[in-house]
Amino acid sequence: MNPGLPPAPGERASAAGLLRAVALYFEARGRLFHIEGKEAGSRLSGITVMFVLALVAFVIGWILAAPALVWIIAESNGWHWTRVALGGAAIHLFIGLLLLAGLKTRLHGMQLFEETFNQFRRDREWLASNKND
């Protein structure tokens, strides 16, 4: 193509078709990204709730390891209050560890934007197969 001459009508139509195809491609990928973004948000919010619950269990464990209940149990069984406090704390910390283990399991198995990455992989495979033709 000579830079001084206007493009031929066939070249102009070809370029317009290519631009339209690229625009449609990015629109489709953008919609897919939007859909998977919503899904990722709901998954992450569930994990956030589980994390907050685990954190609350730890805090409650330390709060409950104290005054009234500890005193009642210690007095009724003739134990020293520090042993009762440590026992209550241990129970709540164990619950917190169970919640954190569940959180780790959910995080390990979670895949965000899975279909978007699958579509990009298919696009690469299609481009590679057409390049060889």
# chains A, B, ... in the order shown; residues from 1 in each chain; ligands from 1
call {"tool": "residues_around", "arguments": {"residues": "Gly88 of chain A", "least_positions_apart": "5", "cutoff": "12 Å", "atoms": "only C-alpha atoms", "output": "list in words"}}
result
Ala57, Phe58, Ile60, Gly61, Trp62, Ile63, Leu64, Ala65, Ala66, Pro67, Ala68, Leu69, Val70, Trp71, Ile73, Ala74, Trp81, Thr82, Arg83, Leu93, Phe94 and Ile95 of chain A
call {"tool": "closest_residue", "arguments": {"among": "A:Ala89, A:Gly96, A:Leu32, A:Leu107", "to": "Val52 of chain A", "atoms": "only C-alpha atoms"}}
result
A:Gly96
call {"tool": "closest_residue", "arguments": {"among": "A:Leu112, A:Val84, A:Ala15, A:Ala128", "to": "His34 of chain A", "atoms": "only C-alpha atoms"}}
result
A:Leu112
call {"tool": "residues_around", "arguments": {"residues": "segment 43-50 of chain A", "least_positions_apart": "2", "cutoff": "8 Å", "atoms": "only C-alpha atoms", "output": "list of chain:residue names"}}
result
A:Glu39, A:Ala40, A:Gly41, A:Val52, A:Leu53, A:Ala54, A:Leu99, A:Leu103, A:Arg106, A:Leu107
call {"tool": "atom_distance", "arguments": {"atom1": "atom CA of Gly87 of chain A", "atom2": "atom CA of Ile72 of chain A"}}
result
13.5 Å
call {"tool": "atom_distance", "arguments": {"atom1": "atom CA of Gln119 of chain A", "atom2": "atom CA of Ala28 of chain A"}}
result
10.4 Å
